[in-house]
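**Student:** The structure under discussion is supplied below as structure tokens; questions concerning it will follow.
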Amino acid sequence: MLDPVFYQFSTSTTLILLVGFYGLTFLFSTLASKKSDSVDGYMVANGAVGFGIAAASMTATWIWAASFYGAASSGYQYGLSGSLHYGFWGALMILFIYPYGQRFRELAPRARTLAEIMQARHGTSSQLILAISNLVGSIISLMVNFTAAGALVSVLTPLSFETGVMIAGVGVLSYTLWSGFRASILTDFAQVVAMMLVAIVLIPWIYFNMGGSEALSQGFNIITAEQADFFSTKAMLEQGAPFFVAVLAYGIGNQTIAQRLFAVRQDLIKSSFITATLGYGSIVIGLGMLGMMALFMGMTPYEGDLNNLIPQVASAYLPPVAIGMLFILVIGSLSSTADSDLSALSAIVMTDIYAKNLAKGKIDNKKMLLLGRITMIIATALGLILASFSLDILVMLVFVGALWGTLVFPVIASCYWDRVTNRAFLSAVLGGLILFCLVRFEWIALVGAWASSLEFIAAVGGGTVIGLMFFGFTNRNVALIAGSIVGVLCAYYFHDFLRDYTVLLGSLVAYGASTIICTAVSLASNERFDFALIHERIQHFDD
Amino acid sequence: MMLSLYILIWPVISAAVLFVIVRAFFKDMAEAKREERDII
């Protein structure tokens, strides 16, 4: 085993790499700097983006720094199936949302945010729940990406964590501020090309430098039986299942995805998102293999921190030029996600806060555009502050994840079922969230009839997840059958079992409770909604 | 052998996706130029 010492770039090399990366990205973004007075262009590029840029942008946005670190950590912890359980389910988040994206576009071809559709469907309260969950999610994402930049810079260069955070924040803001979403997706293309090229070169490079098949095969002697099992139950339950459950929640909860669904030409949604699924899956699973290879080579994460694995493997098996490429790969991935978050945040503030609420029918496009840019500056500052102070945001992250889980069924049902009411939407989200908190934070001990009831609700949640996955690609009857079968199987297997896995139980309860409440309250009402109204209520701002 | 394939298949898929994306980008760019409009 090689000594786990990180390679160190000099200060000048680091600055050349960072300034070169952000400088080139800025120059590329100037190609999108025309038509800067169009608010629809600033938010969704007028809904006419082509296949190449849309697929590249979706891939780049969904890959953030945590994708590499998370996949490698999973590969190291769980062995053979580890990185698959990270990257495969992450990729499915892109795949399973596109059929619903087609429906969103069909209902509201001129929409900019998903919350805007909820406003047209139900009103302000439902809209704001979704918009605020999107806002918090994007702020957290910004903070995580800036933190990753600081961590990488502090590990591989003489510069401090804070300097890395600051350079990333200012760099991303500089090329996104003026042209907004257009700059974000155009630079995503350049960034994803760079990321893919690096991944294509580096994975085999490390593999052969480690000694190839012969050296790695000997690793089977030092890993556990569970790590050598491709169908490891532990990997499935601890890594795969929570990700699988989150597949639809992340799709619904992320304005970055919704924005791309509204930006790509309507007939290209399917091909763009399938291509992005493959792009994301191959890069993330491939880089996750570095963690698995480190395990097989008997490496130990420096200071026990799994986030050190990738820089550690690179330092041990790659020459400085290749480590520089990896450095750019990580900076590119976090920047592409951060610029998407800035664009998402500005679109939500411009559309959902200003145009739909504050403007009261008197929309001033110039003011809206200014507001979008101010939002980006404030969001960057907030992201930098949160990242610099390394605040513990785990509770907020858990809470937002649960909120997204409770939103999945009400949002999707609202777009297909004319009986869903605003009251059903709100009570489902609030009810699901309260039950989730009771479970996840164990405010009431998970024993007896209480635990059994929750396991039953979680079974409904399991059936909902599968039912909605089928519904996107088939029809209501097939989805109902698939969801019911899985629900019954879950009820059987979860009984007296799932209470020991509170993370999974909490997530499934969020889905199950919101589904039950939304369905029951909707059925109790005789209201019917005319979906044509959504089309009517959502107009272009530029007209 | 299977382990090598399992590790090395991902860069191969990435290369295929990269080819598709880059080709589509240049096609979009040519089309935009022909129609005298911006690519986005």
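Each chain of the structure tokens is named A, B, ... in the order shown, its residues numbered from 1; ligands are numbered from 1 in display order.
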Neighbours of range 25-30 of chain B within 8 Å (only C-alpha atoms; same-chain residues fewer than 2 positions away dropped), as a PDB file with C-alpha atoms, in the first residue's frame?

**Tutor:**
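This went into result_19.pdb:
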ATOM      1  CA  GLY A  50     -31.956  22.067 -28.181  1.00  0.00           C
ATOM      2  CA  PHE A  51     -31.073  18.465 -27.360  1.00  0.00           C
ATOM      3  CA  GLY A  52     -27.291  18.793 -27.026  1.00  0.00           C
ATOM      4  CA  ILE A  53     -27.290  21.663 -24.551  1.00  0.00           C
TER       5      ILE A  53
ATOM      6  CA  ILE B  21     -23.950  15.352 -26.805  1.00  0.00           C
ATOM      7  CA  VAL B  22     -21.125  17.041 -28.702  1.00  0.00           C
ATOM      8  CA  ARG B  23     -22.520  15.978 -32.085  1.00  0.00           C
ATOM      9  CA  ALA B  32     -29.058  28.197 -35.428  1.00  0.00           C
ATOM     10  CA  LYS B  33     -26.465  29.778 -37.730  1.00  0.00           C
ATOM     11  CA  ARG B  34     -28.450  28.761 -40.808  1.00  0.00           C
ATOM     12  CA  ILE B  39     -28.230  28.768 -30.181  1.00  0.00           C
TER      13      ILE B  39
END

**Student:** Using only C-alpha atoms, which chain A residues lie at most 9 Å away from chain B, written as JSON, numbers by chain?

**Tutor:** {"A": [31, 32, 34, 41, 45, 46, 48, 49, 50, 51, 52, 53, 55, 56, 182, 185, 186, 189, 192, 193, 196, 197, 199, 200, 201, 202, 203, 204, 207, 212, 213, 216, 217, 275, 276, 278, 279, 280, 281, 282, 283, 284, 285, 286, 287, 289, 290, 293]}

**Student:** What is the distance between CA of Leu384 in chain A and CA of Asn134 in chain A, in Å to one decimal?

**Tutor:** 18.7 Å

**Student:** For Ser343 in chain A, work out the shell of residues within 7 Å, counting only C-alpha atoms and skipping chain neighbours fewer than 2 positions away, then give it as a list in words.

**Tutor:**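 Result of the neighbour search: Met43, Gly180, Phe181, Asp339, Ser340, Asp341, Leu345, Ser346 and Ala347 of chain A.
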
**Student:** Once you count only C-alpha atoms, what closest atom pair and distance in Å to one decimal does each residue of range 165-250 of chain A within 10 Å of range 142-153 of chain A have, with rows by chain and rising residue number, as a tab-separated table?

**Tutor:**
residue	atom	partner	partner_atom	distance
A:Val165	CA	A:Gly150	CA	4.5
A:Met166	CA	A:Phe146	CA	7.9
A:Ile167	CA	A:Ala149	CA	8.5
A:Ala168	CA	A:Phe146	CA	6.3
A:Gly169	CA	A:Phe146	CA	6.6
A:Val172	CA	A:Phe146	CA	9.8

**Student:** May I have the selected residues written with C-alpha atoms, as a PDB file, in the first residue's frame?

**Tutor:**
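Wrote part-v5.pdb, looks like this:
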ATOM      1  CA  VAL A 165     -14.832  28.858  -0.814  1.00  0.00           C
ATOM      2  CA  MET A 166     -14.471  32.510  -1.798  1.00  0.00           C
ATOM      3  CA  ILE A 167     -12.919  31.813  -5.236  1.00  0.00           C
ATOM      4  CA  ALA A 168     -15.663  29.318  -6.088  1.00  0.00           C
ATOM      5  CA  GLY A 169     -18.433  31.688  -4.985  1.00  0.00           C
ATOM      6  CA  VAL A 172     -19.668  31.085 -10.238  1.00  0.00           C
TER       7      VAL A 172
END

**Student:** If you measure from CA of Gly512 in chain A to CA of Ile274 in chain A, what distance in Å do you get, rounded to one decimal?

**Tutor:** 28.2 Å

**Student:** Using DSSP assignments from the backbone, pull out every residue in chain B that falls under alpha helix (DSSP H) and give it to me as JSON, numbers by chain.

**Tutor:** {"B": [2, 3, 4, 5, 6, 7, 8, 9, 10, 11, 12, 13, 14, 15, 16, 17, 18, 19, 20, 21, 22, 23, 24, 25, 26, 27, 28, 29, 30, 31, 32, 33, 34]}

**Student:** For CA of Gly137 in chain A and CA of Ile63 in chain A, determine how far apart the two atoms are, in Å to one decimal place.

**Tutor:** 15.4 Å

**Student:** Using only C-alpha atoms, which of A:Phe104, A:Phe220, A:Tyr416, A:Trp178 sits nearest Phe262 in chain A?

**Tutor:**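 Between A:Phe104, A:Phe220, A:Tyr416, A:Trp178, the residue approaching Phe262 in chain A most closely is A:Phe104.
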